[in-house]
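Student: One structure, as structure tokens, below. Some questions next.
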Amino acid sequence: MESPSSTTPGQDPFAGHLGHLTTAQQEALASFKDILIKTNLYTPPTETISASHDDPTLLRFLRARGFHPASAQKQFADAESWRKKHDLDRLYATFDHEEFESAKRFYPRWTGRRDKMGRPVYVYRLASLEPIQKELDSVPADRRYQRIIVLYEFMSRFAFPLCTHLPHPSTPTPITSTTSIIDLEQVSFGSMWHLRHHLQEASKLATANYPETLGTIAVVNSPSFFPTIWGWIKGWFDEGTRNKIHILGKEPGSVLCELIHSADLPKAYGGELEWKFEDEPNLDEPAKDLIKEVSKGPVIFSNGTTERPRPPAA
């Protein structure tokens, strides 16, 4: 696979995002809103009330479906039904803080830093799961699924709005996707086989209900048996997501530094940042000046501040 690049000649990295829409894409967005209004899935803004869904969210569904409004409407409707089924607003607002922090150990973690485009940099070191695999297996399936949900909600309600608020090269275009490093160093074949259902569960949830939130995905330190693993997992992703996955070598630093400034790239991957997978987010200076640190438990970022989510009225 080709190495990722932060800037491809002639290609806008924010194509299909607000401020970067073609005339046809603007028309598709307007048509999408009309369809959603007619199917009672979207309420437009008024002088006193915000829209039920912001444009960046609507555009994620449109990008996932090639800006075909009818196809996007089907996925959007399914995602809205899924959110209601799991009572997501209440789940996120009432999720236990200690369990939330503990759950981070099993899933991709935000480093606290951003790539050159302003997108949050996440890392997933699978070898770190091996010592705690039994603990993960002991969690009931329904509760494990809820943990995945709240961590995606943290990404969409906190990490993305915060990174949007901070200065980035395409300000004021909203940040709605991540750059992720998947680290396979010291992962055994047996461990990957054991984790496959856990990984598939998270991947399918994201593809269906949080479309276009996965930006560039760099797989590093891949073992010799990775082609076999790729044969398992490639079917979990749609073609658009598969095209974002790049397999790098044992020394990925030079390639990753095309995407991420060295100061924001963990030392383990060729950068200068003091951060390892078990650590809390190591915020850059603009983020520290704004919020000081990432609060424990479920939080949202709104109007320049960190807030606790409120459960909906009964």
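Identifiers for the structure tokens are assigned positionally: chains receive A, B, ... in sequence, residues are indexed from 1 per chain, and ligands are indexed from 1 in the order shown.
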Pick out each residue of region 108-269 of chain A that DSSP on the backbone tags as helix (DSSP H, G or I); I need them as a PyMOL selection string.
Tutor: chain A and resi 126-137+141-165+189-209+226-236+239-242+253-259+262-264+267-269
Student: Sort by chain and increasing residue number a table of all residues of region 17-75 of chain A within 7 Å of region 192-211 of chain A, each with its closest pair of atoms and their distance in Å to one decimal, counting only C-alpha atoms, and write it as JSON lines.
Tutor:
{"residue": "A:Arg60", "atom": "CA", "partner": "A:Pro211", "partner_atom": "CA", "distance": 6.0}
{"residue": "A:Phe61", "atom": "CA", "partner": "A:Pro211", "partner_atom": "CA", "distance": 6.1}
{"residue": "A:Ala64", "atom": "CA", "partner": "A:Pro211", "partner_atom": "CA", "distance": 6.1}
Student: Kindly save the residues from that selection, with C-alpha atoms included, as an mmCIF file, in the first residue's frame.
Tutor:
data_model
loop_
_atom_site.group_PDB
_atom_site.id
_atom_site.type_symbol
_atom_site.label_atom_id
_atom_site.label_comp_id
_atom_site.auth_asym_id
_atom_site.auth_seq_id
_atom_site.Cartn_x
_atom_site.Cartn_y
_atom_site.Cartn_z
ATOM 1 C CA ARG A 60 -19.970 12.667 7.160
ATOM 2 C CA PHE A 61 -22.927 10.546 6.040
ATOM 3 C CA ALA A 64 -19.617 7.903 3.208
#
Student: Pick the closest to Leu126 (chain A) from A:Ala313, A:Ala93, A:Val220, A:Ala159: which is it, counting only C-alpha atoms?
Tutor: A:Val220
Student: When distances are computed from only C-alpha atoms, which of A:Gln146, A:Phe158, A:Arg109, A:Thr46 shows the smallest separation from Lys85 (chain A)?
Tutor: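 Nearest candidate to Lys85 (chain A) out of A:Gln146, A:Phe158, A:Arg109, A:Thr46: A:Gln146.
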Student: State, in Å with one decimal place, the distance from CA of Asp183 (chain A) to CA of Ser222 (chain A).
Tutor: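 CA of Ser222 (chain A) lies at a distance of 7.5 Å from CA of Asp183 (chain A).
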Student: Write out as number ranges by chain the residues lying within 12 Å of Glu278 (chain A), counting only C-alpha atoms and excluding same-chain residues fewer than 5 positions away.
Tutor: A: 101-111, 123-129
Student: Would you mind exporting N, CA, C and O atoms of the selected residues as a short mmCIF file (atom, residue, chain, number, x, y, z; two decimals), in the first residue's frame?
Tutor:
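What follows is the written file again_0.cif:
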data_model
loop_
_atom_site.label_atom_id
_atom_site.label_comp_id
_atom_site.auth_asym_id
_atom_site.auth_seq_id
_atom_site.Cartn_x
_atom_site.Cartn_y
_atom_site.Cartn_z
N GLU A 101 -12.78 5.41 32.42
CA GLU A 101 -11.33 5.52 32.38
C GLU A 101 -10.68 4.15 32.21
O GLU A 101 -9.71 3.99 31.47
N SER A 102 -11.23 3.15 32.86
CA SER A 102 -10.69 1.79 32.74
C SER A 102 -10.87 1.25 31.32
O SER A 102 -9.99 0.56 30.78
N ALA A 103 -11.99 1.59 30.69
CA ALA A 103 -12.29 1.08 29.35
C ALA A 103 -11.31 1.59 28.31
O ALA A 103 -11.09 0.93 27.28
N LYS A 104 -10.70 2.74 28.55
CA LYS A 104 -9.76 3.31 27.58
C LYS A 104 -8.59 2.36 27.30
O LYS A 104 -7.99 2.41 26.22
N ARG A 105 -8.27 1.49 28.26
CA ARG A 105 -7.10 0.61 28.12
C ARG A 105 -7.26 -0.41 26.99
O ARG A 105 -6.28 -0.97 26.52
N PHE A 106 -8.51 -0.62 26.56
CA PHE A 106 -8.78 -1.69 25.59
C PHE A 106 -9.01 -1.18 24.17
O PHE A 106 -9.25 -1.99 23.27
N TYR A 107 -8.94 0.12 23.97
CA TYR A 107 -9.32 0.69 22.68
C TYR A 107 -8.32 1.78 22.26
O TYR A 107 -7.47 2.19 23.06
N PRO A 108 -8.42 2.24 21.02
CA PRO A 108 -7.52 3.32 20.60
C PRO A 108 -7.58 4.51 21.54
O PRO A 108 -8.67 4.90 22.00
N ARG A 109 -6.40 5.09 21.83
CA ARG A 109 -6.33 6.19 22.79
C ARG A 109 -5.82 7.46 22.11
O ARG A 109 -4.90 7.41 21.28
N TRP A 110 -6.39 8.58 22.53
CA TRP A 110 -5.94 9.86 22.01
C TRP A 110 -4.64 10.25 22.72
O TRP A 110 -4.55 10.23 23.94
N THR A 111 -3.65 10.61 21.95
CA THR A 111 -2.36 11.03 22.51
C THR A 111 -2.44 12.41 23.14
O THR A 111 -1.55 12.80 23.89
N VAL A 123 -3.65 6.25 19.00
CA VAL A 123 -2.75 5.11 18.93
C VAL A 123 -3.45 3.89 19.52
O VAL A 123 -4.15 3.98 20.53
N TYR A 124 -3.26 2.75 18.85
CA TYR A 124 -3.78 1.48 19.36
C TYR A 124 -2.64 0.47 19.36
O TYR A 124 -2.21 0.01 18.31
N ARG A 125 -2.13 0.16 20.54
CA ARG A 125 -1.03 -0.79 20.68
C ARG A 125 -1.61 -2.12 21.16
O ARG A 125 -1.92 -2.29 22.35
N LEU A 126 -1.77 -3.07 20.26
CA LEU A 126 -2.50 -4.28 20.57
C LEU A 126 -1.77 -5.17 21.58
O LEU A 126 -2.42 -5.91 22.33
N ALA A 127 -0.44 -5.12 21.62
CA ALA A 127 0.29 -5.94 22.59
C ALA A 127 -0.05 -5.54 24.02
O ALA A 127 0.07 -6.35 24.94
N SER A 128 -0.49 -4.30 24.23
CA SER A 128 -0.86 -3.85 25.57
C SER A 128 -2.13 -4.52 26.07
O SER A 128 -2.42 -4.48 27.27
N LEU A 129 -2.89 -5.15 25.16
CA LEU A 129 -4.11 -5.82 25.57
C LEU A 129 -3.87 -7.24 26.08
O LEU A 129 -4.67 -7.77 26.85
#
Student: Might you pull out every residue within 9 Å of Val121 (chain A), with only C-alpha atoms counted and same-chain residues fewer than 4 positions away left off, and present them as a PyMOL selection string?
Tutor: chain A and resi 109-115+178-181+260+264-265
Student: May I have the residues from that selection written out with all heavy atoms, as a compact mmCIF listing (two decimals), in the first residue's frame?
Tutor:
# COMPACT_ATOMS: atom_id res chain seq x y z
N ARG A 109 -6.40 5.09 21.83
CA ARG A 109 -6.33 6.19 22.79
C ARG A 109 -5.82 7.46 22.11
O ARG A 109 -4.90 7.41 21.28
CB ARG A 109 -5.39 5.83 23.95
CG ARG A 109 -5.78 4.58 24.67
CD ARG A 109 -4.99 4.40 25.95
NE ARG A 109 -5.44 5.34 26.97
CZ ARG A 109 -5.26 5.16 28.29
NH1 ARG A 109 -4.62 4.10 28.71
NH2 ARG A 109 -5.68 6.06 29.14
N TRP A 110 -6.39 8.58 22.53
CA TRP A 110 -5.94 9.86 22.01
C TRP A 110 -4.64 10.25 22.72
O TRP A 110 -4.55 10.23 23.94
CB TRP A 110 -7.00 10.93 22.21
CG TRP A 110 -6.61 12.26 21.63
CD1 TRP A 110 -5.86 12.48 20.50
CD2 TRP A 110 -6.95 13.56 22.14
NE1 TRP A 110 -5.71 13.83 20.26
CE2 TRP A 110 -6.37 14.51 21.26
CE3 TRP A 110 -7.67 14.00 23.23
CZ2 TRP A 110 -6.50 15.89 21.46
CZ3 TRP A 110 -7.82 15.36 23.43
CH2 TRP A 110 -7.23 16.29 22.54
N THR A 111 -3.65 10.61 21.95
CA THR A 111 -2.36 11.03 22.51
C THR A 111 -2.44 12.41 23.14
O THR A 111 -1.55 12.80 23.89
CB THR A 111 -1.28 11.06 21.41
OG1 THR A 111 -1.69 12.01 20.40
CG2 THR A 111 -1.10 9.70 20.78
N GLY A 112 -3.47 13.16 22.79
CA GLY A 112 -3.56 14.57 23.20
C GLY A 112 -2.97 15.51 22.16
O GLY A 112 -3.01 16.73 22.34
N ARG A 113 -2.45 14.94 21.08
CA ARG A 113 -1.82 15.74 20.03
C ARG A 113 -2.62 15.65 18.73
O ARG A 113 -3.54 14.84 18.58
CB ARG A 113 -0.38 15.29 19.81
CG ARG A 113 0.49 15.47 21.05
CD ARG A 113 0.51 16.92 21.52
NE ARG A 113 1.22 17.10 22.76
CZ ARG A 113 2.48 17.55 22.85
NH1 ARG A 113 3.16 17.83 21.74
NH2 ARG A 113 3.05 17.71 24.03
N ARG A 114 -2.21 16.50 17.77
CA ARG A 114 -2.91 16.59 16.49
C ARG A 114 -1.92 16.45 15.34
O ARG A 114 -0.74 16.74 15.50
CB ARG A 114 -3.62 17.94 16.40
CG ARG A 114 -4.66 18.16 17.50
CD ARG A 114 -5.16 19.59 17.54
NE ARG A 114 -4.17 20.51 18.07
CZ ARG A 114 -4.03 21.78 17.68
NH1 ARG A 114 -4.80 22.26 16.71
NH2 ARG A 114 -3.11 22.55 18.23
N ASP A 115 -2.43 16.01 14.20
CA ASP A 115 -1.55 15.92 13.03
C ASP A 115 -1.43 17.29 12.37
O ASP A 115 -1.92 18.30 12.89
CB ASP A 115 -2.04 14.85 12.05
CG ASP A 115 -3.32 15.22 11.31
OD1 ASP A 115 -3.82 16.36 11.46
OD2 ASP A 115 -3.84 14.36 10.57
N THR A 178 -10.00 11.26 12.51
CA THR A 178 -8.75 11.04 13.25
C THR A 178 -7.63 10.61 12.31
O THR A 178 -7.86 10.16 11.19
CB THR A 178 -8.93 9.93 14.29
OG1 THR A 178 -9.22 8.70 13.60
CG2 THR A 178 -10.06 10.25 15.26
N THR A 179 -6.41 10.73 12.81
CA THR A 179 -5.27 10.01 12.24
C THR A 179 -4.87 8.97 13.28
O THR A 179 -4.66 9.30 14.45
CB THR A 179 -4.10 10.96 11.94
OG1 THR A 179 -4.41 11.74 10.78
CG2 THR A 179 -2.82 10.19 11.68
N SER A 180 -4.82 7.70 12.87
CA SER A 180 -4.62 6.62 13.82
C SER A 180 -3.37 5.81 13.49
O SER A 180 -3.10 5.52 12.31
CB SER A 180 -5.83 5.68 13.83
OG SER A 180 -7.00 6.38 14.21
N ILE A 181 -2.64 5.44 14.53
CA ILE A 181 -1.49 4.55 14.42
C ILE A 181 -1.86 3.23 15.08
O ILE A 181 -2.18 3.19 16.27
CB ILE A 181 -0.24 5.15 15.10
CG1 ILE A 181 0.14 6.48 14.44
CG2 ILE A 181 0.93 4.17 15.05
CD1 ILE A 181 1.23 7.24 15.19
N ILE A 260 2.52 14.06 10.73
CA ILE A 260 2.49 14.55 12.11
C ILE A 260 3.81 15.22 12.42
O ILE A 260 4.88 14.65 12.15
CB ILE A 260 2.27 13.37 13.10
CG1 ILE A 260 1.02 12.56 12.71
CG2 ILE A 260 2.17 13.86 14.53
CD1 ILE A 260 0.94 11.20 13.39
N ASP A 264 4.82 16.13 17.99
CA ASP A 264 3.50 15.57 18.33
C ASP A 264 3.42 14.08 18.05
O ASP A 264 2.36 13.48 18.24
CB ASP A 264 2.42 16.30 17.52
CG ASP A 264 2.37 17.79 17.84
OD1 ASP A 264 2.45 18.13 19.04
OD2 ASP A 264 2.27 18.59 16.90
N LEU A 265 4.52 13.47 17.65
CA LEU A 265 4.57 12.04 17.35
C LEU A 265 5.30 11.32 18.47
O LEU A 265 6.42 11.69 18.83
CB LEU A 265 5.29 11.82 16.02
CG LEU A 265 5.46 10.36 15.56
CD1 LEU A 265 4.11 9.73 15.27
CD2 LEU A 265 6.37 10.32 14.31
Student: Need the shell around Glu307 (chain A): protein/DNA/RNA residues with any atom at most 10 Å away, counting only C-alpha atoms. Skip same-chain ones fewer than 4 positions apart. Format as a list in words?
Tutor: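 Those residues are Phe158, Ser295, Pro298, Val299, Ile300, Phe301, Ser302 and Asn303 of chain A.
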Student: For the residues in that selection, give me all heavy atoms as a short mmCIF file (atom, residue, chain, number, x, y, z; two decimals), in the first residue's frame.
Tutor:
data_model
loop_
_atom_site.label_atom_id
_atom_site.label_comp_id
_atom_site.auth_asym_id
_atom_site.auth_seq_id
_atom_site.Cartn_x
_atom_site.Cartn_y
_atom_site.Cartn_z
N PHE A 158 -16.11 15.43 22.30
CA PHE A 158 -15.04 16.16 22.97
C PHE A 158 -13.83 16.38 22.07
O PHE A 158 -13.44 17.52 21.81
CB PHE A 158 -14.61 15.46 24.25
CG PHE A 158 -13.53 16.21 24.99
CD1 PHE A 158 -13.86 17.28 25.81
CD2 PHE A 158 -12.19 15.87 24.85
CE1 PHE A 158 -12.87 18.01 26.47
CE2 PHE A 158 -11.19 16.59 25.50
CZ PHE A 158 -11.53 17.66 26.31
N SER A 295 -10.50 16.20 31.48
CA SER A 295 -11.19 15.75 32.68
C SER A 295 -11.49 14.25 32.61
O SER A 295 -11.62 13.68 31.53
CB SER A 295 -12.50 16.52 32.86
OG SER A 295 -12.26 17.91 32.98
N PRO A 298 -16.87 10.85 31.07
CA PRO A 298 -17.49 11.43 29.88
C PRO A 298 -17.60 12.95 29.98
O PRO A 298 -18.09 13.48 30.97
CB PRO A 298 -18.88 10.78 29.86
CG PRO A 298 -18.75 9.54 30.68
CD PRO A 298 -17.76 9.88 31.75
N VAL A 299 -17.13 13.63 28.95
CA VAL A 299 -17.20 15.08 28.89
C VAL A 299 -17.52 15.50 27.46
O VAL A 299 -17.38 14.72 26.52
CB VAL A 299 -15.88 15.76 29.34
CG1 VAL A 299 -15.68 15.65 30.84
CG2 VAL A 299 -14.68 15.18 28.58
N ILE A 300 -17.94 16.75 27.32
CA ILE A 300 -18.13 17.34 26.00
C ILE A 300 -17.36 18.65 25.96
O ILE A 300 -17.02 19.22 27.01
CB ILE A 300 -19.62 17.60 25.69
CG1 ILE A 300 -20.24 18.57 26.70
CG2 ILE A 300 -20.39 16.29 25.67
CD1 ILE A 300 -21.69 18.94 26.39
N PHE A 301 -17.04 19.10 24.76
CA PHE A 301 -16.41 20.41 24.60
C PHE A 301 -17.38 21.29 23.83
O PHE A 301 -17.79 20.94 22.72
CB PHE A 301 -15.08 20.29 23.85
CG PHE A 301 -14.35 21.61 23.73
CD1 PHE A 301 -13.55 22.07 24.76
CD2 PHE A 301 -14.51 22.41 22.60
CE1 PHE A 301 -12.89 23.29 24.66
CE2 PHE A 301 -13.86 23.62 22.49
CZ PHE A 301 -13.05 24.07 23.53
N SER A 302 -17.75 22.41 24.44
CA SER A 302 -18.74 23.29 23.82
C SER A 302 -18.46 24.73 24.21
O SER A 302 -18.14 25.02 25.38
CB SER A 302 -20.15 22.89 24.28
OG SER A 302 -21.13 23.74 23.74
N ASN A 303 -18.53 25.61 23.24
CA ASN A 303 -18.36 27.05 23.48
C ASN A 303 -17.05 27.36 24.20
O ASN A 303 -17.00 28.22 25.09
CB ASN A 303 -19.54 27.60 24.28
CG ASN A 303 -20.86 27.43 23.54
OD1 ASN A 303 -20.94 27.67 22.34
ND2 ASN A 303 -21.90 27.02 24.26
#
Student: May I have the residues within 12 Å of Cys163 (chain A) as an mmCIF file with C-alpha atoms, in the first residue's frame, using only C-alpha atoms and disregarding those fewer than 5 positions away in the same chain?
Tutor:
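So the final result, stored in selection-v9.cif, reads:
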data_model
loop_
_atom_site.group_PDB
_atom_site.id
_atom_site.type_symbol
_atom_site.label_atom_id
_atom_site.label_comp_id
_atom_site.auth_asym_id
_atom_site.auth_seq_id
_atom_site.Cartn_x
_atom_site.Cartn_y
_atom_site.Cartn_z
ATOM 1 C CA TRP A 110 -5.937 9.862 22.010
ATOM 2 C CA GLY A 112 -3.557 14.565 23.204
ATOM 3 C CA ARG A 113 -1.824 15.737 20.031
ATOM 4 C CA ARG A 114 -2.910 16.591 16.489
ATOM 5 C CA ASP A 115 -1.553 15.925 13.033
ATOM 6 C CA LYS A 116 -0.484 18.643 10.596
ATOM 7 C CA MET A 117 -4.097 19.104 9.484
ATOM 8 C CA GLY A 118 -5.347 19.479 13.058
ATOM 9 C CA ARG A 119 -6.876 16.004 13.395
ATOM 10 C CA PRO A 120 -6.489 14.151 16.726
ATOM 11 C CA VAL A 121 -3.781 11.476 16.692
ATOM 12 C CA MET A 155 -14.258 11.307 20.291
ATOM 13 C CA SER A 156 -17.189 12.999 18.552
ATOM 14 C CA ARG A 157 -18.388 15.183 21.442
ATOM 15 C CA PHE A 158 -15.042 16.158 22.966
ATOM 16 C CA HIS A 168 -5.431 24.393 12.479
ATOM 17 C CA PRO A 169 -4.482 24.886 8.817
ATOM 18 C CA SER A 170 -8.053 24.801 7.537
ATOM 19 C CA THR A 171 -9.761 26.867 10.238
ATOM 20 C CA PRO A 172 -12.760 27.253 10.440
ATOM 21 C CA THR A 173 -13.410 23.905 8.711
ATOM 22 C CA PRO A 174 -14.547 21.477 11.455
ATOM 23 C CA ILE A 175 -12.351 18.526 12.397
ATOM 24 C CA THR A 176 -14.385 15.316 12.079
ATOM 25 C CA SER A 177 -11.842 12.513 11.612
ATOM 26 C CA THR A 178 -8.753 11.042 13.246
ATOM 27 C CA LEU A 283 -1.905 18.038 25.441
ATOM 28 C CA ASP A 284 -0.005 20.535 23.314
ATOM 29 C CA PRO A 286 -2.658 25.636 22.866
ATOM 30 C CA ALA A 287 -4.858 22.893 24.333
ATOM 31 C CA LEU A 290 -7.506 26.366 26.891
ATOM 32 C CA ILE A 291 -8.520 23.429 29.116
ATOM 33 C CA PHE A 301 -16.410 20.412 24.600
ATOM 34 C CA SER A 302 -18.741 23.287 23.823
ATOM 35 C CA GLY A 304 -14.678 26.935 24.385
#
Student: Fewer than 4 positions away in the same chain doesn't count, so skip those; otherwise give me all residues within 12 Å of Leu256 (chain A), counting only C-alpha atoms, as a ChimeraX atom specification.
Tutor: /A:3-6,115-116,121,179-181,216-220,246-252,260-271
Student: Only C-alpha atoms, please: the residues just picked out, written as a PDB file, in the first residue's frame.
Tutor:
ATOM      1  CA  SER A   3       2.526   5.620   2.186  1.00  0.00           C
ATOM      2  CA  PRO A   4       0.156   8.279   3.492  1.00  0.00           C
ATOM      3  CA  SER A   5       0.814  11.925   2.778  1.00  0.00           C
ATOM      4  CA  SER A   6      -0.504  15.016   4.479  1.00  0.00           C
ATOM      5  CA  ASP A 115      -1.553  15.925  13.033  1.00  0.00           C
ATOM      6  CA  LYS A 116      -0.484  18.643  10.596  1.00  0.00           C
ATOM      7  CA  VAL A 121      -3.781  11.476  16.692  1.00  0.00           C
ATOM      8  CA  THR A 179      -5.270  10.013  12.241  1.00  0.00           C
ATOM      9  CA  SER A 180      -4.615   6.616  13.819  1.00  0.00           C
ATOM     10  CA  ILE A 181      -1.486   4.546  14.416  1.00  0.00           C
ATOM     11  CA  THR A 216      -5.554   8.108   7.790  1.00  0.00           C
ATOM     12  CA  ILE A 217      -4.770   4.756   9.441  1.00  0.00           C
ATOM     13  CA  ALA A 218      -1.091   3.789   9.644  1.00  0.00           C
ATOM     14  CA  VAL A 219      -0.301   0.181  10.597  1.00  0.00           C
ATOM     15  CA  VAL A 220       3.219  -0.027  12.037  1.00  0.00           C
ATOM     16  CA  HIS A 246      -1.410   2.185   4.976  1.00  0.00           C
ATOM     17  CA  ILE A 247       1.012  -0.563   5.998  1.00  0.00           C
ATOM     18  CA  LEU A 248       4.359   0.854   7.125  1.00  0.00           C
ATOM     19  CA  GLY A 249       7.633  -0.825   8.063  1.00  0.00           C
ATOM     20  CA  LYS A 250       9.452  -1.300  11.346  1.00  0.00           C
ATOM     21  CA  GLU A 251      10.809   2.259  11.289  1.00  0.00           C
ATOM     22  CA  PRO A 252       7.815   4.394  10.300  1.00  0.00           C
ATOM     23  CA  ILE A 260       2.487  14.548  12.113  1.00  0.00           C
ATOM     24  CA  HIS A 261       5.001  17.070  13.406  1.00  0.00           C
ATOM     25  CA  SER A 262       7.847  15.317  15.220  1.00  0.00           C
ATOM     26  CA  ALA A 263       6.996  17.113  18.469  1.00  0.00           C
ATOM     27  CA  ASP A 264       3.502  15.572  18.325  1.00  0.00           C
ATOM     28  CA  LEU A 265       4.566  12.045  17.348  1.00  0.00           C
ATOM     29  CA  PRO A 266       5.352   9.580  20.179  1.00  0.00           C
ATOM     30  CA  LYS A 267       9.004   8.547  20.461  1.00  0.00           C
ATOM     31  CA  ALA A 268       8.090   4.903  19.850  1.00  0.00           C
ATOM     32  CA  TYR A 269       7.160   5.846  16.279  1.00  0.00           C
ATOM     33  CA  GLY A 270      10.108   8.103  15.478  1.00  0.00           C
ATOM     34  CA  GLY A 271       8.974  11.374  17.016  1.00  0.00           C
TER      35      GLY A 271
END
Student: One decimal, in Å: what's the spacing between CA of Lys296 (chain A) and CA of Arg308 (chain A)?
Tutor: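 Separating CA of Lys296 (chain A) from CA of Arg308 (chain A) is a distance of 10.1 Å.
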